file data-v1.pdb (PDB, C-alpha atoms)
MODEL        1
ATOM      1  CA  MET R 512     108.289  63.202 370.957
ATOM      2  CA  LYS R 513     106.450  65.738 368.806
ATOM      3  CA  LYS R 514     103.044  66.591 370.212
ATOM      4  CA  ILE R 515     100.148  65.822 367.885
ATOM      5  CA  ILE R 516      97.224  68.219 368.131
ATOM      6  CA  PRO R 517      94.039  66.839 366.548
ATOM      7  CA  GLN R 518      91.836  69.226 364.559
ATOM      8  CA  LYS R 519      88.933  68.262 366.805
ATOM      9  CA  ARG R 520      89.200  67.262 370.433
ATOM     10  CA  LEU R 521      88.375  63.585 370.836
ATOM     11  CA  CYS R 522      86.628  61.578 373.522
ATOM     12  CA  TYR R 523      85.913  57.897 374.039
ATOM     13  CA  PHE R 524      83.401  56.406 376.446
ATOM     14  CA  VAL R 525      84.599  53.158 378.033
ATOM     15  CA  THR R 526      81.678  50.886 378.852
ATOM     16  CA  ALA R 527      81.175  47.160 379.378
ATOM     17  CA  THR R 528      78.750  44.293 379.217
ATOM     18  CA  ASN R 529      78.461  44.387 383.009
ATOM     19  CA  THR R 530      80.229  45.465 386.161
ATOM     20  CA  ASP R 531      83.698  44.198 387.119
ATOM     21  CA  VAL R 532      84.717  43.521 383.525
ATOM     22  CA  GLY R 533      87.733  45.831 383.296
ATOM     23  CA  LYS R 534      86.619  49.359 382.374
ATOM     24  CA  THR R 535      89.194  51.082 384.574
ATOM     25  CA  TYR R 536      91.974  48.876 383.231
ATOM     26  CA  VAL R 537      90.973  49.715 379.656
ATOM     27  CA  ALA R 538      90.769  53.418 380.510
ATOM     28  CA  GLN R 539      94.320  53.176 381.832
ATOM     29  CA  LYS R 540      95.518  51.421 378.686
ATOM     30  CA  LEU R 541      93.898  54.056 376.450
ATOM     31  CA  LEU R 542      95.360  56.930 378.456
ATOM     32  CA  GLN R 543      98.842  55.448 378.174
ATOM     33  CA  LYS R 544      98.391  54.670 374.469
ATOM     34  CA  TYR R 545      97.332  58.185 373.475
ATOM     35  CA  ALA R 546      99.901  59.840 375.714
ATOM     36  CA  LYS R 547     102.619  57.754 374.070
ATOM     37  CA  GLU R 548     101.364  58.955 370.687
ATOM     38  CA  GLY R 549     101.844  62.562 371.782
ATOM     39  CA  PHE R 550      98.307  63.534 372.756
ATOM     40  CA  ARG R 551      97.432  65.409 375.919
ATOM     41  CA  VAL R 552      95.076  63.035 377.705
ATOM     42  CA  GLY R 553      92.275  63.560 380.206
ATOM     43  CA  TYR R 554      89.932  61.411 382.252
ATOM     44  CA  TYR R 555      86.311  61.744 383.331
ATOM     45  CA  LYS R 556      84.167  59.420 385.431
ATOM     46  CA  PRO R 557      80.796  61.167 385.743
ATOM     47  CA  ILE R 558      79.512  58.853 388.478
ATOM     48  CA  GLU R 559      81.315  56.462 390.792
ATOM     49  CA  THR R 560      79.492  54.284 393.312
ATOM     50  CA  GLY R 561      80.824  52.160 396.155
ATOM     51  CA  VAL R 562      82.827  55.186 397.341
ATOM     52  CA  GLN R 563      83.986  55.117 400.958
ATOM     53  CA  ASP R 564      84.968  58.274 402.874
ATOM     54  CA  ASN R 565      84.213  60.304 399.752
ATOM     55  CA  ASN R 566      87.367  58.892 398.141
ATOM     56  CA  PRO R 567      86.590  57.381 394.704
ATOM     57  CA  LEU R 568      89.284  54.748 394.216
ATOM     58  CA  ASP R 569      88.963  54.383 390.437
ATOM     59  CA  GLY R 570      88.693  58.090 389.770
ATOM     60  CA  SER R 571      91.555  58.981 392.114
ATOM     61  CA  SER R 572      93.958  56.434 390.639
ATOM     62  CA  MET R 573      93.169  57.561 387.093
ATOM     63  CA  LEU R 574      93.550  61.237 387.995
ATOM     64  CA  ARG R 575      97.003  60.545 389.435
ATOM     65  CA  LEU R 576      97.954  58.780 386.220
ATOM     66  CA  VAL R 577      96.624  61.591 384.019
ATOM     67  CA  ARG R 578      98.521  64.224 385.981
ATOM     68  CA  GLU R 579     101.705  62.270 385.278
ATOM     69  CA  LEU R 580     100.892  61.932 381.596
ATOM     70  CA  ASN R 581      99.524  65.442 381.048
ATOM     71  CA  PRO R 582     100.583  68.245 383.432
ATOM     72  CA  ASP R 583      98.015  70.522 381.753
ATOM     73  CA  PHE R 584      95.230  68.449 383.323
ATOM     74  CA  CYS R 585      95.487  70.367 386.611
ATOM     75  CA  LEU R 586      92.071  69.487 387.986
ATOM     76  CA  ASN R 587      90.665  68.184 391.251
ATOM     77  CA  ILE R 588      88.825  64.935 391.946
ATOM     78  CA  GLU R 589      85.577  66.927 392.250
ATOM     79  CA  ASP R 590      85.999  67.953 388.609
ATOM     80  CA  VAL R 591      86.812  64.466 387.385
ATOM     81  CA  VAL R 592      84.278  62.505 389.471
ATOM     82  CA  PRO R 593      81.466  64.972 390.204
ATOM     83  CA  TYR R 594      78.998  62.421 391.595
ATOM     84  CA  ARG R 595      80.229  60.021 394.270
ATOM     85  CA  PHE R 596      77.939  57.659 396.190
ATOM     86  CA  ALA R 597      78.712  55.181 398.966
ATOM     87  CA  LEU R 598      76.312  52.378 398.035
ATOM     88  CA  PRO R 599      77.863  49.916 395.506
ATOM     89  CA  ALA R 600      74.818  49.921 393.238
ATOM     90  CA  ALA R 601      73.443  51.492 390.088
ATOM     91  CA  PRO R 602      73.524  55.311 390.262
ATOM     92  CA  TYR R 603      69.715  55.457 390.304
ATOM     93  CA  THR R 604      69.688  53.530 393.580
ATOM     94  CA  ALA R 605      73.007  54.711 395.026
ATOM     95  CA  SER R 606      72.059  58.378 394.638
ATOM     96  CA  ASN R 607      69.405  57.914 397.346
ATOM     97  CA  GLY R 608      67.296  60.787 396.069
ATOM     98  CA  VAL R 609      70.148  63.100 395.071
ATOM     99  CA  ASN R 610      69.354  64.636 391.696
ATOM    100  CA  ILE R 611      71.904  63.662 389.039
ATOM    101  CA  ASP R 612      71.965  66.667 386.738
ATOM    102  CA  ILE R 613      72.501  65.355 383.200
ATOM    103  CA  ASP R 614      72.939  68.833 381.704
ATOM    104  CA  PHE R 615      75.686  69.500 384.237
ATOM    105  CA  LEU R 616      77.442  66.247 383.316
ATOM    106  CA  ILE R 617      77.422  67.255 379.644
ATOM    107  CA  LYS R 618      78.804  70.721 380.442
ATOM    108  CA  GLN R 619      81.468  69.178 382.677
ATOM    109  CA  LYS R 620      82.564  66.899 379.860
ATOM    110  CA  ASP R 621      82.915  69.929 377.570
ATOM    111  CA  TYR R 622      84.853  71.777 380.288
ATOM    112  CA  LEU R 623      87.338  68.945 380.811
ATOM    113  CA  GLN R 624      88.046  68.814 377.098
ATOM    114  CA  ASN R 625      89.637  72.264 377.387
ATOM    115  CA  PHE R 626      92.552  70.627 379.196
ATOM    116  CA  CYS R 627      93.250  67.723 376.854
ATOM    117  CA  ASP R 628      93.221  66.501 373.269
ATOM    118  CA  VAL R 629      91.746  63.087 374.072
ATOM    119  CA  LEU R 630      89.288  62.621 376.925
ATOM    120  CA  ILE R 631      88.696  59.090 378.199
ATOM    121  CA  ILE R 632      85.291  58.776 379.883
ATOM    122  CA  GLU R 633      84.556  55.779 382.096
ATOM    123  CA  GLY R 634      81.003  54.670 382.734
ATOM    124  CA  ALA R 635      79.569  52.813 385.696
ATOM    125  CA  GLY R 636      78.533  49.196 385.181
ATOM    126  CA  GLY R 637      77.097  48.160 381.832
ATOM    127  CA  LEU R 638      75.130  49.903 379.107
ATOM    128  CA  MET R 639      71.692  49.514 380.668
ATOM    129  CA  VAL R 640      72.611  50.568 384.188
ATOM    130  CA  PRO R 641      70.045  53.194 385.255
ATOM    131  CA  VAL R 642      71.294  56.685 386.013
ATOM    132  CA  LYS R 643      67.792  58.094 386.468
ATOM    133  CA  LYS R 644      64.397  56.474 386.058
ATOM    134  CA  ASP R 645      64.420  57.109 382.306
ATOM    135  CA  ILE R 646      68.143  57.664 381.650
ATOM    136  CA  PHE R 647      70.560  54.768 381.276
ATOM    137  CA  MET R 648      74.324  54.659 380.837
ATOM    138  CA  ILE R 649      73.886  54.165 377.102
ATOM    139  CA  ASP R 650      71.904  57.422 376.998
ATOM    140  CA  LEU R 651      74.884  59.244 378.501
ATOM    141  CA  ILE R 652      77.098  57.936 375.704
ATOM    142  CA  LYS R 653      74.632  59.270 373.166
ATOM    143  CA  LEU R 654      74.263  62.632 374.927
ATOM    144  CA  PHE R 655      78.032  62.981 375.210
ATOM    145  CA  GLU R 656      78.255  62.439 371.429
ATOM    146  CA  SER R 657      81.050  59.997 372.075
ATOM    147  CA  PRO R 658      82.016  56.736 370.387
ATOM    148  CA  ALA R 659      82.044  53.774 372.749
ATOM    149  CA  VAL R 660      84.785  51.356 373.689
ATOM    150  CA  LEU R 661      82.971  48.202 374.778
ATOM    151  CA  VAL R 662      84.784  45.793 377.100
ATOM    152  CA  THR R 663      83.531  42.220 377.157
ATOM    153  CA  PRO R 664      84.682  39.362 379.414
ATOM    154  CA  SER R 665      86.123  36.039 378.328
ATOM    155  CA  ASN R 666      84.064  33.801 380.598
ATOM    156  CA  LEU R 667      81.215  31.488 379.648
ATOM    157  CA  GLY R 668      78.242  33.637 378.622
ATOM    158  CA  CYS R 669      80.292  36.348 376.961
ATOM    159  CA  ILE R 670      78.805  35.589 373.535
ATOM    160  CA  ASN R 671      75.312  36.463 374.694
ATOM    161  CA  ASP R 672      76.429  39.538 376.617
ATOM    162  CA  THR R 673      78.589  40.798 373.758
ATOM    163  CA  LEU R 674      75.886  40.458 371.119
ATOM    164  CA  LEU R 675      73.243  42.096 373.300
ATOM    165  CA  SER R 676      75.514  45.045 374.060
ATOM    166  CA  ILE R 677      76.606  45.520 370.453
ATOM    167  CA  ASN R 678      73.016  45.378 369.233
ATOM    168  CA  ALA R 679      72.066  48.013 371.814
ATOM    169  CA  LEU R 680      74.863  50.313 370.614
ATOM    170  CA  LYS R 681      73.744  49.832 367.016
ATOM    171  CA  ASP R 682      70.127  50.582 367.910
ATOM    172  CA  TYR R 683      71.248  53.854 369.495
ATOM    173  CA  GLY R 684      73.376  54.735 366.479
ATOM    174  CA  ILE R 685      76.564  54.820 368.565
ATOM    175  CA  LYS R 686      79.893  54.125 366.889
ATOM    176  CA  TYR R 687      81.936  51.611 368.825
ATOM    177  CA  GLU R 688      84.930  49.348 369.063
ATOM    178  CA  TRP R 689      84.946  46.291 371.286
ATOM    179  CA  TYR R 690      87.634  44.343 373.058
ATOM    180  CA  VAL R 691      87.735  41.055 374.930
ATOM    181  CA  ASN R 692      89.328  41.276 378.358
ATOM    182  CA  LEU R 693      90.975  37.874 378.593
ATOM    183  CA  TYR R 694      91.060  37.507 382.363
ATOM    184  CA  ARG R 695      88.422  34.868 383.160
ATOM    185  CA  ASP R 696      88.342  31.287 381.880
ATOM    186  CA  LYS R 697      91.535  31.997 379.959
ATOM    187  CA  LYS R 698      92.146  28.385 379.042
ATOM    188  CA  SER R 699      88.573  27.476 378.169
ATOM    189  CA  PHE R 700      87.842  30.716 376.263
ATOM    190  CA  TYR R 701      89.508  29.436 373.091
ATOM    191  CA  ASP R 702      87.457  26.222 373.225
ATOM    192  CA  ILE R 703      84.104  27.634 374.343
ATOM    193  CA  SER R 704      83.674  31.191 373.064
ATOM    194  CA  TYR R 705      86.449  32.009 370.610
ATOM    195  CA  PRO R 706      85.300  29.770 367.699
ATOM    196  CA  PHE R 707      81.922  31.510 367.347
ATOM    197  CA  LEU R 708      83.234  35.023 368.006
ATOM    198  CA  LYS R 709      85.972  34.560 365.397
ATOM    199  CA  ASP R 710      83.563  33.200 362.781
ATOM    200  CA  TYR R 711      80.884  35.810 363.503
ATOM    201  CA  PHE R 712      83.067  38.912 363.744
ATOM    202  CA  CYS R 713      86.074  37.716 361.680
ATOM    203  CA  GLU R 714      88.361  39.803 363.885
ATOM    204  CA  ILE R 715      88.656  39.869 367.670
ATOM    205  CA  LYS R 716      90.587  42.551 369.520
ATOM    206  CA  PHE R 717      91.975  41.928 372.979
ATOM    207  CA  VAL R 718      92.434  44.503 375.721
ATOM    208  CA  ASN R 719      96.129  43.679 376.116
ATOM    209  CA  ASP R 720      96.667  44.654 372.466
ATOM    210  CA  ILE R 721      95.566  48.256 373.039
TER     211      ILE R 721
ENDMDL
END
call {"tool": "encode", "arguments": {"input": "data-v1.pdb", "output": "structure tokens"}}
result
Amino acid sequence: MKKIIPQKRLCYFVTATNTDVGKTYVAQKLLQKYAKEGFRVGYYKPIETGVQDNNPLDGSSMLRLVRELNPDFCLNIEDVVPYRFALPAAPYTASNGVNIDIDFLIKQKDYLQNFCDVLIIEGAGGLMVPVKKDIFMIDLIKLFESPAVLVTPSNLGCINDTLLSINALKDYGIKYEWYVNLYRDKKSFYDISYPFLKDYFCEIKFVNDI
């Protein structure tokens, strides 16, 4: 396959309405999609919490995948997941006093882009998860100058969560695409949530269609 080199290196920030909605799965799908299209792909998870024995499960699995898809991405887990905390909580709490250097995270994102054409960035939790007292995950998206890929669940309550998250992205002036991860309440989704979402947005994209 002929390799396609974009004029400008691209990045996408995968976020969600909440935790455990499918960010890592979507990151995987995007990496495979762009690699299949001929792009050199890369992965970045600035902060991962719930890490045991200093081994970030999400970051490690994605790094293994990226190395298979793009041999040029010859980086270590410390490069890809610079901040790793044991407590499964928001970075503000999980850091336990460790300073999370935002300027460093921005520079690291720029550094990783030297090794790929498309960088997939995965956030932690949802948009309003605190990184520092006055910095939230949505602020990182803005500071990274990255469009967002918003993952929303299919369970009861997803309408509220989706609209709140989209309105927050609009308020911040962040370009976005959003996808429903159809993994909860699969049968009832089309009766409970789909009718409004289809009428309100006209088009609904599903994660499995990426």
call {"tool": "resolve_selection", "arguments": {"input": "data-v1.pdb", "expression": "the PyMOL selection byres ((chain R and resi 596) around 12)", "output": "PyMOL selection string"}}
result
chain R and resi 557-568+592-595+597-611+635
call {"tool": "resolve_selection", "arguments": {"input": "data-v1.pdb", "expression": "the PyMOL selection byres ((chain R and resi 658-667) around 6)", "output": "ChimeraX atom specification"}}
result
/R:523-528,532,657,668-669,686-693,695-696,700
call {"tool": "atom_distance", "arguments": {"input": "data-v1.pdb", "atom1": "CA of Met639 in chain R", "atom2": "CA of Asp682 in chain R"}}
result
12.9 Å
call {"tool": "atom_distance", "arguments": {"input": "data-v1.pdb", "atom1": "CA of Leu630 in chain R", "atom2": "CA of Val552 in chain R"}}
result
5.9 Å
call {"tool": "atom_distance", "arguments": {"input": "data-v1.pdb", "atom1": "CA of Cys585 in chain R", "atom2": "CA of Ser571 in chain R"}}
result
13.2 Å
